[in-house]
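Undergrad: Got a file for you: query.csv, CSV, C-alpha atoms and all ligand atoms.
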```
chain,number,residue,atom,x,y,z
A,1,MET,CA,-29.8,0.4,14.2
A,2,LEU,CA,-29.0,1.5,10.7
A,3,GLU,CA,-32.6,1.9,9.5
A,4,SER,CA,-33.6,4.1,12.4
A,5,SER,CA,-30.4,6.1,12.6
A,6,PRO,CA,-30.8,9.7,11.6
A,7,THR,CA,-29.2,10.5,8.2
A,8,THR,CA,-27.7,13.5,10.0
A,9,TRP,CA,-25.3,11.3,12.0
A,10,CYS,CA,-22.6,12.6,9.6
A,11,SER,CA,-23.8,16.3,9.5
A,12,ASP,CA,-20.5,17.4,11.2
A,13,TRP,CA,-18.7,16.1,8.1
A,14,GLU,CA,-20.8,17.3,5.2
A,15,ALA,CA,-17.7,18.5,3.3
A,16,ILE,CA,-16.2,15.0,3.3
A,17,CYS,CA,-19.3,12.8,3.2
A,18,ARG,CA,-21.0,11.7,0.0
A,19,PRO,CA,-24.3,9.9,0.3
A,20,ASP,CA,-25.1,7.1,-2.2
A,21,ALA,CA,-21.7,7.2,-3.7
A,22,PRO,CA,-20.8,4.8,-6.4
A,23,LEU,CA,-18.0,2.4,-5.3
A,24,ARG,CA,-17.3,0.7,-8.7
A,25,GLU,CA,-15.0,3.5,-9.7
A,26,HIS,CA,-12.9,2.7,-6.6
A,27,THR,CA,-12.3,-0.9,-7.4
A,28,TRP,CA,-10.2,-2.7,-10.0
A,29,TYR,CA,-13.2,-4.7,-11.0
A,30,ARG,CA,-15.3,-1.6,-11.7
A,31,LEU,CA,-18.4,-3.5,-10.5
A,32,GLY,CA,-20.9,-3.2,-7.7
A,33,GLY,CA,-23.4,-0.7,-6.2
A,34,PRO,CA,-23.0,2.4,-4.1
A,35,ALA,CA,-22.0,3.1,-0.5
A,36,ARG,CA,-24.8,4.6,1.6
A,37,TRP,CA,-22.1,7.1,2.8
A,38,LEU,CA,-18.6,7.5,1.5
A,39,LEU,CA,-16.3,9.5,3.8
A,40,ALA,CA,-12.8,10.8,3.2
A,41,PRO,CA,-11.4,12.0,6.5
A,42,ARG,CA,-8.7,14.6,6.3
A,43,ASP,CA,-6.5,13.3,9.1
A,44,GLU,CA,-6.3,10.5,11.7
A,45,HIS,CA,-8.2,12.4,14.3
A,46,GLU,CA,-11.1,13.0,12.0
A,47,LEU,CA,-10.9,9.3,11.1
A,48,ALA,CA,-11.1,8.3,14.8
A,49,ALA,CA,-14.0,10.6,15.4
A,50,ILE,CA,-16.0,9.1,12.4
A,51,LEU,CA,-15.3,5.6,13.7
A,52,ALA,CA,-16.5,6.5,17.2
A,53,ARG,CA,-19.7,8.1,15.8
A,54,CYS,CA,-20.3,5.0,13.6
A,55,ARG,CA,-19.9,2.8,16.7
A,56,GLU,CA,-22.3,4.9,18.8
A,57,SER,CA,-24.9,4.9,16.0
A,58,GLU,CA,-24.4,1.2,15.1
A,59,ILE,CA,-23.5,2.0,11.6
A,60,PRO,CA,-21.4,-0.7,9.9
A,61,VAL,CA,-18.0,0.6,8.7
A,62,ARG,CA,-15.8,-0.6,5.9
A,63,ILE,CA,-12.4,0.7,5.0
A,64,LEU,CA,-11.7,1.0,1.3
A,65,GLY,CA,-8.1,0.7,0.2
A,66,HIS,CA,-7.2,0.8,-3.4
A,67,GLY,CA,-9.9,-1.7,-4.3
A,68,ALA,CA,-7.5,-4.2,-5.9
A,69,ASN,CA,-8.7,-7.2,-3.9
A,70,LEU,CA,-12.3,-6.3,-3.6
A,71,LEU,CA,-15.7,-7.2,-5.1
A,72,VAL,CA,-18.6,-5.0,-4.2
A,73,ARG,CA,-21.9,-6.6,-4.6
A,74,ASP,CA,-24.5,-5.0,-7.0
A,75,GLU,CA,-26.6,-4.0,-4.0
A,76,GLY,CA,-23.8,-1.9,-2.6
A,77,VAL,CA,-22.9,-1.3,1.0
A,78,ASN,CA,-25.6,-0.3,3.5
A,79,GLY,CA,-23.2,1.6,5.8
A,80,ALA,CA,-20.3,3.9,5.9
A,81,VAL,CA,-17.3,3.3,3.6
A,82,ILE,CA,-14.1,5.3,4.5
A,83,VAL,CA,-11.4,6.1,2.1
A,84,LEU,CA,-7.9,7.0,3.3
A,85,ARG,CA,-6.7,9.5,0.7
A,86,GLY,CA,-4.7,12.8,0.8
A,87,PRO,CA,-1.5,13.8,2.5
A,88,ALA,CA,-2.3,12.6,6.0
A,89,PHE,CA,-2.9,9.1,4.6
A,90,GLU,CA,-0.4,8.8,1.8
A,91,TYR,CA,2.9,10.0,3.1
A,92,ALA,CA,6.1,7.8,2.8
A,93,GLU,CA,9.4,8.6,4.4
A,94,PHE,CA,12.6,6.7,3.5
A,95,SER,CA,15.7,6.4,5.6
A,96,ALA,CA,18.8,4.2,5.3
A,97,ASP,CA,17.0,1.0,6.5
A,98,ARG,CA,13.4,1.9,7.1
A,99,ILE,CA,10.3,3.1,5.4
A,100,VAL,CA,7.7,4.9,7.4
A,101,ALA,CA,4.5,5.1,5.4
A,102,ALA,CA,0.7,5.8,5.8
A,103,ALA,CA,-1.9,3.2,5.1
A,104,GLY,CA,-3.2,4.9,2.0
A,105,ALA,CA,0.2,5.0,0.3
A,106,ASP,CA,0.2,3.3,-3.1
A,107,PHE,CA,2.1,0.0,-2.5
A,108,PRO,CA,3.5,-0.5,-6.1
A,109,LEU,CA,4.8,3.1,-6.0
A,110,LEU,CA,6.4,2.5,-2.6
A,111,VAL,CA,8.1,-0.6,-4.0
A,112,LYS,CA,9.5,1.3,-7.0
A,113,ARG,CA,10.7,4.2,-4.8
A,114,ALA,CA,12.4,1.8,-2.4
A,115,CYS,CA,14.3,0.1,-5.2
A,116,SER,CA,15.4,3.4,-6.7
A,117,ARG,CA,16.8,4.4,-3.3
A,118,GLY,CA,18.7,1.2,-2.9
A,119,LEU,CA,16.3,-0.2,-0.2
A,120,SER,CA,16.0,-3.9,-0.7
A,121,GLY,CA,13.3,-6.5,0.2
A,122,LEU,CA,10.2,-5.0,-1.3
A,123,GLU,CA,11.3,-5.8,-4.9
A,124,LEU,CA,10.2,-9.3,-4.2
A,125,LEU,CA,6.6,-8.0,-4.0
A,126,ALA,CA,6.7,-6.5,-7.5
A,127,GLY,CA,3.4,-6.4,-9.3
A,128,ILE,CA,1.1,-6.5,-6.3
A,129,PRO,CA,-1.4,-3.7,-6.4
A,130,GLY,CA,-3.1,-2.0,-3.5
A,131,SER,CA,-2.7,0.4,-0.6
A,132,LEU,CA,-0.1,-0.3,2.1
A,133,GLY,CA,-2.9,-0.8,4.6
A,134,GLY,CA,-4.7,-3.3,2.5
A,135,ILE,CA,-1.4,-5.2,1.7
A,136,ILE,CA,-0.6,-5.5,5.4
A,137,ARG,CA,-4.1,-6.4,6.5
A,138,MET,CA,-4.2,-9.4,4.2
A,139,ASN,CA,-0.5,-10.2,4.4
A,140,ALA,CA,-0.3,-10.0,0.6
A,141,GLY,CA,2.4,-11.8,-1.2
A,142,GLY,CA,3.4,-14.2,-3.9
A,143,ARG,CA,5.9,-16.8,-4.9
A,144,HIS,CA,8.8,-14.7,-3.6
A,145,GLY,CA,7.5,-13.6,-0.2
A,146,GLU,CA,4.9,-11.8,1.8
A,147,ILE,CA,4.8,-8.3,3.2
A,148,ALA,CA,5.1,-9.9,6.7
A,149,ALA,CA,8.8,-10.3,6.1
A,150,ALA,CA,9.3,-6.5,5.8
A,151,VAL,CA,7.0,-5.2,8.5
A,152,ASP,CA,8.6,-3.9,11.6
A,153,ARG,CA,5.7,-2.1,13.3
A,154,VAL,CA,2.0,-1.3,12.5
A,155,ARG,CA,0.0,1.6,13.7
A,156,PHE,CA,-3.7,1.1,13.9
A,157,ILE,CA,-7.0,2.1,15.6
A,158,ASP,CA,-8.3,-0.9,17.5
A,159,ARG,CA,-11.9,-2.1,17.7
A,160,GLU,CA,-12.5,0.1,20.8
A,161,GLY,CA,-11.2,3.2,18.9
A,162,VAL,CA,-7.8,3.4,20.6
A,163,PHE,CA,-4.7,4.3,18.7
A,164,ARG,CA,-2.1,1.5,19.0
A,165,GLU,CA,1.2,0.5,17.7
A,166,SER,CA,2.3,-3.2,17.5
A,167,ALA,CA,5.4,-5.0,16.6
A,168,ALA,CA,5.1,-7.4,13.6
A,169,ARG,CA,5.1,-10.5,15.9
A,170,GLU,CA,1.9,-9.2,17.6
A,171,ILE,CA,0.0,-8.9,14.3
A,172,GLY,CA,-0.5,-12.7,13.9
A,173,PHE,CA,0.8,-12.8,10.3
A,174,ARG,CA,-0.1,-16.0,8.5
A,175,TYR,CA,-0.7,-17.0,4.9
A,176,ARG,CA,-3.0,-14.1,3.7
A,177,HIS,CA,-4.1,-13.4,7.3
A,178,THR,CA,-3.5,-11.0,10.2
A,179,ASN,CA,-5.4,-10.6,13.4
A,180,LEU,CA,-6.3,-7.0,12.4
A,181,ASP,CA,-9.9,-7.6,11.4
A,182,GLY,CA,-12.1,-4.8,12.7
A,183,CYS,CA,-9.0,-2.6,13.3
A,184,VAL,CA,-8.1,0.3,11.0
A,185,ILE,CA,-4.4,0.4,10.0
A,186,VAL,CA,-3.2,4.0,9.7
A,187,GLY,CA,0.5,3.4,9.0
A,188,ALA,CA,3.5,1.1,9.3
A,189,THR,CA,7.2,1.0,9.5
A,190,LEU,CA,8.9,-1.4,7.1
A,191,ARG,CA,12.5,-2.7,7.4
A,192,ALA,CA,14.7,-2.8,4.4
A,193,GLY,CA,18.2,-4.0,3.5
A,194,ARG,CA,20.6,-2.3,1.1
A,195,GLY,CA,21.2,-3.1,-2.5
A,196,ALA,CA,22.3,-1.4,-5.7
A,197,PRO,CA,19.3,0.4,-7.2
A,198,GLU,CA,19.9,-1.0,-10.8
A,199,GLU,CA,20.0,-4.6,-9.5
A,200,LEU,CA,16.9,-4.1,-7.4
A,201,LEU,CA,15.0,-2.6,-10.3
A,202,THR,CA,16.2,-5.5,-12.6
A,203,ARG,CA,14.9,-8.0,-10.0
A,204,PHE,CA,11.7,-6.0,-9.8
A,205,ARG,CA,11.2,-6.2,-13.5
A,206,GLU,CA,12.0,-9.9,-13.6
A,207,ILE,CA,9.4,-10.7,-11.0
A,208,TRP,CA,6.8,-8.4,-12.6
A,209,SER,CA,7.3,-10.1,-16.0
A,210,GLU,CA,7.2,-13.6,-14.4
A,211,LYS,CA,3.9,-12.7,-12.8
A,212,TYR,CA,2.3,-11.2,-15.8
A,213,ALA,CA,3.4,-14.1,-18.1
A,214,THR,CA,1.1,-16.4,-16.1
A,215,GLN,CA,-1.6,-14.0,-15.0
A,216,PRO,CA,-4.2,-11.8,-16.8
A,217,ALA,CA,-2.9,-8.4,-17.8
A,218,VAL,CA,-3.4,-5.5,-15.5
A,219,SER,CA,-5.7,-3.9,-18.1
A,220,GLU,CA,-8.1,-6.8,-17.6
A,221,ARG,CA,-10.6,-6.2,-14.9
A,222,SER,CA,-10.0,-8.7,-12.0
A,223,ALA,CA,-9.3,-8.7,-8.3
A,224,GLY,CA,-6.2,-10.8,-8.4
A,225,CYS,CA,-6.5,-14.3,-7.1
A,226,ILE,CA,-10.0,-15.2,-6.1
A,227,PHE,CA,-9.2,-18.1,-3.7
A,228,LYS,CA,-6.5,-18.7,-1.1
A,229,ASN,CA,-4.4,-21.7,-1.9
A,230,PRO,CA,-5.6,-24.6,0.3
A,231,PRO,CA,-2.8,-26.1,2.3
A,232,GLY,CA,-0.7,-28.2,-0.1
A,233,HIS,CA,-2.6,-27.2,-3.2
A,234,SER,CA,-2.9,-24.5,-5.8
A,235,ALA,CA,-6.4,-23.1,-6.1
A,236,GLY,CA,-5.7,-22.1,-9.7
A,237,ALA,CA,-4.6,-25.7,-10.6
A,238,LEU,CA,-7.7,-27.1,-8.9
A,239,VAL,CA,-10.1,-24.9,-10.8
A,240,ASP,CA,-8.2,-25.6,-14.0
A,241,ARG,CA,-8.4,-29.4,-13.4
A,242,ALA,CA,-12.1,-29.1,-12.6
A,243,GLY,CA,-12.4,-28.0,-16.3
A,244,LEU,CA,-13.6,-24.5,-15.6
A,245,LYS,CA,-11.2,-22.3,-17.5
A,246,GLY,CA,-13.2,-20.1,-19.8
A,247,ARG,CA,-16.5,-20.8,-18.1
A,248,ARG,CA,-18.7,-17.7,-18.2
A,249,ALA,CA,-21.6,-16.3,-16.2
A,250,GLY,CA,-23.1,-13.3,-17.9
A,251,ALA,CA,-20.1,-11.2,-18.9
A,252,ALA,CA,-17.7,-12.6,-16.3
A,253,GLU,CA,-15.3,-15.4,-17.1
A,254,ILE,CA,-12.9,-17.7,-15.4
A,255,SER,CA,-9.6,-16.7,-16.9
A,256,ARG,CA,-8.2,-19.0,-19.6
A,257,LYS,CA,-4.7,-17.8,-18.6
A,258,HIS,CA,-4.9,-18.5,-14.8
A,259,ALA,CA,-8.0,-20.2,-13.4
A,260,ASN,CA,-7.7,-18.5,-10.0
A,261,PHE,CA,-8.7,-15.2,-11.7
A,262,ILE,CA,-12.2,-14.2,-12.7
A,263,VAL,CA,-12.2,-11.4,-15.3
A,264,ALA,CA,-15.1,-9.0,-15.9
A,265,HIS,CA,-15.9,-8.1,-19.5
A,266,ASP,CA,-18.0,-5.1,-20.5
A,267,GLY,CA,-21.5,-5.5,-19.2
A,268,ALA,CA,-20.6,-7.8,-16.3
A,269,GLN,CA,-22.4,-7.6,-13.0
A,270,ALA,CA,-20.9,-8.4,-9.6
A,271,ALA,CA,-23.5,-11.2,-9.4
A,272,ASP,CA,-21.9,-12.8,-12.4
A,273,VAL,CA,-18.6,-13.0,-10.6
A,274,VAL,CA,-20.3,-14.3,-7.4
A,275,LYS,CA,-21.9,-17.1,-9.5
A,276,LEU,CA,-18.5,-18.2,-10.9
A,277,ILE,CA,-17.0,-18.1,-7.4
A,278,GLU,CA,-19.8,-20.4,-6.2
A,279,LEU,CA,-19.5,-22.7,-9.3
A,280,ALA,CA,-15.7,-23.1,-8.7
A,281,GLN,CA,-16.2,-23.9,-5.0
A,282,GLU,CA,-19.0,-26.4,-5.8
A,283,GLU,CA,-17.0,-28.2,-8.6
A,284,VAL,CA,-13.7,-28.3,-6.7
A,285,TRP,CA,-15.6,-29.7,-3.7
A,286,ARG,CA,-17.5,-32.2,-5.8
A,287,GLN,CA,-14.5,-33.4,-7.8
A,288,PHE,CA,-11.7,-33.2,-5.2
A,289,SER,CA,-13.4,-32.8,-1.8
A,290,ILE,CA,-11.3,-29.6,-1.2
A,291,ARG,CA,-12.9,-26.4,0.1
A,292,LEU,CA,-11.8,-23.2,-1.6
A,293,GLU,CA,-11.9,-20.2,0.6
A,294,THR,CA,-12.1,-16.7,-1.0
A,295,GLU,CA,-9.1,-14.5,-0.8
A,296,VAL,CA,-10.9,-11.6,-2.5
A,297,GLU,CA,-12.9,-9.4,-0.1
A,298,ILE,CA,-16.6,-9.4,-0.9
A,299,TRP,CA,-18.8,-6.5,0.3
A,301,LIG,N1,-1.8,-23.6,-12.4
A,301,LIG,C1,-2.5,-24.4,-13.3
A,301,LIG,N2,-3.6,-23.8,-13.9
A,301,LIG,C2,-3.9,-22.5,-13.7
A,301,LIG,C3,-3.1,-21.7,-12.8
A,301,LIG,C4,-2.1,-22.3,-12.2
A,301,LIG,O1,-2.3,-25.6,-13.5
A,301,LIG,O2,-4.9,-22.0,-14.3
A,301,LIG,C5,-0.6,-24.3,-11.8
A,301,LIG,C6,0.7,-23.6,-12.2
A,301,LIG,O3,1.2,-24.2,-13.4
A,301,LIG,C7,1.6,-23.9,-11.0
A,301,LIG,C8,0.6,-23.9,-9.8
A,301,LIG,O4,-0.7,-24.0,-10.4
A,301,LIG,O5,2.1,-25.2,-11.1
A,301,LIG,C9,0.7,-22.6,-9.0
A,301,LIG,O6,0.4,-21.5,-9.9
A,301,LIG,P1,1.1,-20.1,-9.8
A,301,LIG,O7,2.6,-20.3,-9.8
A,301,LIG,O8,0.5,-19.2,-10.8
A,301,LIG,O9,0.9,-19.5,-8.3
A,301,LIG,P2,-0.5,-19.4,-7.5
A,301,LIG,O10,-0.2,-20.2,-6.3
A,301,LIG,O11,-1.7,-19.7,-8.3
A,301,LIG,C10,0.3,-17.4,-6.0
A,301,LIG,C11,-0.5,-16.3,-5.4
A,301,LIG,C12,-0.5,-15.1,-6.4
A,301,LIG,C13,0.9,-14.7,-6.8
A,301,LIG,C14,1.5,-15.9,-7.5
A,301,LIG,C15,2.9,-15.7,-8.0
A,301,LIG,C16,-2.2,-17.1,-3.9
A,301,LIG,C17,-3.7,-17.5,-3.9
A,301,LIG,N3,-1.8,-16.7,-5.1
A,301,LIG,O12,-0.5,-17.9,-7.1
A,301,LIG,O13,-1.2,-14.0,-5.7
A,301,LIG,O14,0.8,-13.7,-7.8
A,301,LIG,O15,1.6,-17.0,-6.5
A,301,LIG,O16,3.8,-15.2,-7.0
A,301,LIG,O17,-1.5,-17.2,-2.9
A,301,LIG,C18,-3.1,-12.8,-5.3
A,301,LIG,O18,-2.8,-13.0,-4.1
A,301,LIG,O19,-4.1,-12.1,-5.7
A,301,LIG,C19,-2.3,-13.4,-6.3
A,301,LIG,C20,-2.5,-13.4,-7.6
```
Show me the file's structure as structure tokens.
Ligand code: EPU

TA:
Amino acid sequence: MLESSPTTWCSDWEAICRPDAPLREHTWYRLGGPARWLLAPRDEHELAAILARCRESEIPVRILGHGANLLVRDEGVNGAVIVLRGPAFEYAEFSADRIVAAAGADFPLLVKRACSRGLSGLELLAGIPGSLGGIIRMNAGGRHGEIAAAVDRVRFIDREGVFRESAAREIGFRYRHTNLDGCVIVGATLRAGRGAPEELLTRFREIWSEKYATQPAVSERSAGCIFKNPPGHSAGALVDRAGLKGRRAGAAEISRKHANFIVAHDGAQAADVVKLIELAQEEVWRQFSIRLETEVEIW
């Protein structure tokens, strides 16, 4: 168990392991406590070795993407948090109708580069922050589509530590869901159509503007939409109708612009955000008998 595990379990990886590492700087929210260990493997084999050791030592593992859809609690994470950074985890290769990229690749940058090269499809996902791995794992998307539509194959390490590659149909893509929980995505192949770069970039900008006309600015600290849309409903509209826009807990606030966002002002704690999540769930249940499920990942 964790409490009795020797702190030397990661002594092979001293160069890439930071004990008690703050996580807030890795999240868009800039909230939350430290990770007991933060590890940055240099390649996929080192990643697999770390995962195997954690499994043997019964150390809980979390994979940190770009922290765009993540709320870390103030207590932090009593386990190992792994970041996928550096060349082995951030490459992206573009061909005439495919993009082969690593899980740590920055998704917005990938979208921009695809548009500039005349590769179409991803422009529909303009304005969605995150790492490619994170985007795939939660099947991120918006009004114009989901990443599932572009995924051809996904490479991942499964729950037993085995490297695998699956076709998109085996991933179980649904609304904000895949069956990759407990697996670690290392890379993916995306399919693309062809288009004129100027047109794709124009469409990209239109979708981006549309999104930010109705959502808090990127400069505001949030984690995107807090709740999944319940079937047949909009979570934002429900929280709004419940009268909760502008409601505060400490220095966190349910956005006045879009009620499915909770923004953190200076001095906010993760616990403030959690209180507002619970308040919104309670009120929407009390007033409309609808359960709101979080979309944001809470550690
Ligand atoms: N609405 C309100 N009040 C609000 C917010 C929304 O009445 O405070 C109404 C809107 O007027 C609209 C309806 O609710 O009639 C739906 O709102 P919107 O068009 O903003 O879309 P959404 O369903 O709230 C989804 C995704 C967003 C994505 C947008 C745009 C989910 C949970 N959310 O939002 O994704 O950006 O569409 O494509 O699926 C995210 O996943 O983090 C995210 C922000």

Undergrad: Once you count only C-alpha atoms and all ligand atoms, which residues end up within 9 Å of ligand LIG 301 (chain A), and could you hand them over as an MDAnalysis selection string?

TA: chainID A and resid 68:69 125 127:129 140:145 175:176 207 210:212 214:215 223:230 233:241 245 255:261 294:296

Undergrad: Go through A:Ala105, A:Val111, A:Ala249, A:Leu279 and flag the residue nearest Gly267 in chain A, using only C-alpha atoms for the distances.

TA: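 Between A:Ala105, A:Val111, A:Ala249, A:Leu279, the residue approaching Gly267 in chain A most closely is A:Ala249.
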
Undergrad: For a cut-off of 9 Å around (21.5, 3.2, 6.5), file coordinates, pick out all residues using only C-alpha atoms and list them as a ChimeraX atom specification.

TA: /A:95-98,193-194

Undergrad: Would you pick out the contacts of Leu110 in chain A at 9 Å or less, using only C-alpha atoms, so that residues sharing its chain but fewer than 6 positions from it are not included, and give the list as a PyMOL selection string?

TA: chain A and resi 92+99+101+122+132

Undergrad: Any idea what the distance is between CA of Lys112 in chain A and CA of Arg169 in chain A?

TA: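 For CA of Lys112 in chain A relative to CA of Arg169 in chain A, the distance reads 26.1 Å.
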
Undergrad: Which of these residues is nearest to Ala48 in chain A, using all atoms listed in the file: A:Ile82, A:Leu201, A:Ser219, A:Leu109?

TA: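 Using all atoms listed in the file, the shortest distance to Ala48 in chain A belongs to A:Ile82.
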
Undergrad: One number please: CA of Asp266 in chain A to CA of Gly250 in chain A, in Å, one decimal.

TA: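 These two atoms are separated by 10.0 Å.
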
Undergrad: For the atom pair CA of Pro41 in chain A and CA of Glu25 in chain A, what is the interatomic distance in Å to one decimal place?

TA: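 Answer for the CA of Pro41 in chain A to CA of Glu25 in chain A separation: 18.6 Å.
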
Undergrad: As a PDB file with C-alpha atoms, in the frame of the given file, please: the residues near Ala21 in chain A (cut-off 10 Å, all atoms listed in the file, same-chain neighbours under 6 positions excluded).

TA:
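Here's the written file result.pdb:
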```
ATOM      1  CA  GLY A  33     -23.400  -0.700  -6.200  1.00  0.00           C
ATOM      2  CA  PRO A  34     -23.000   2.400  -4.100  1.00  0.00           C
ATOM      3  CA  ALA A  35     -22.000   3.100  -0.500  1.00  0.00           C
ATOM      4  CA  ARG A  36     -24.800   4.600   1.600  1.00  0.00           C
ATOM      5  CA  TRP A  37     -22.100   7.100   2.800  1.00  0.00           C
ATOM      6  CA  LEU A  38     -18.600   7.500   1.500  1.00  0.00           C
ATOM      7  CA  LEU A  39     -16.300   9.500   3.800  1.00  0.00           C
ATOM      8  CA  GLY A  76     -23.800  -1.900  -2.600  1.00  0.00           C
ATOM      9  CA  VAL A  77     -22.900  -1.300   1.000  1.00  0.00           C
ATOM     10  CA  VAL A  81     -17.300   3.300   3.600  1.00  0.00           C
TER      11      VAL A  81
END
```

Undergrad: Would you pick out the contacts of Glu56 in chain A at 10 Å or less, using all atoms listed in the file, so that residues sharing its chain but fewer than 4 positions from it are not included, and give the list as a PyMOL selection string?

TA: chain A and resi 1+9+50-52

Undergrad: Could you check which of A:Ser57, A:Ser11, A:Gln287, A:Ser116 is closest to Gly79 in chain A, using all atoms listed in the file?

TA: A:Ser57

Undergrad: Around (-22.8, -8.5, -4.1) in the file's own coordinates, what residues are found within 12 Å if you use all atoms listed in the file, given back as number ranges by chain?

TA: A: 23-24, 31-34, 70-78, 269-275, 277, 297-299

Undergrad: So that I can check the surroundings of Thr202 in chain A, please list as a ChimeraX atom specification every protein, DNA and RNA residue that reaches within 10 Å of it, counting all atoms listed in the file and ignoring chain neighbours fewer than 6 positions away.

TA: /A:115,123,208

Undergrad: Would you pick out the contacts of Gly118 in chain A at 7 Å or less, using only C-alpha atoms, so that residues sharing its chain but fewer than 5 positions from it are not included, and give the list as a CSV table (one decimal) with C-alpha atoms, keeping the file's coordinate frame?

TA:
```
chain,number,residue,atom,x,y,z
A,194,ARG,CA,20.6,-2.3,1.1
A,195,GLY,CA,21.2,-3.1,-2.5
A,196,ALA,CA,22.3,-1.4,-5.7
A,197,PRO,CA,19.3,0.4,-7.2
```

Undergrad: Would you please work out which residue, of A:Cys10, A:Val154, A:Ala268, A:Ile185, is nearest to Ala49 in chain A when using only C-alpha atoms?

TA: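 Going through A:Cys10, A:Val154, A:Ala268, A:Ile185 one by one, the smallest distance to Ala49 in chain A is for A:Cys10.
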
Undergrad: Calculated over all atoms listed in the file, which of the candidates A:Val151, A:Leu244, A:Ile16, A:Ala40 has the smallest distance to Ala192 in chain A?

TA: A:Val151

Undergrad: Smallest atom-to-atom distance to Ser222 in chain A: which of A:Val186, A:Ile147, A:Ala80, A:Ile262, using all atoms listed in the file?

TA: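 Counting all atoms listed in the file, the residue closest to Ser222 in chain A is A:Ile262.
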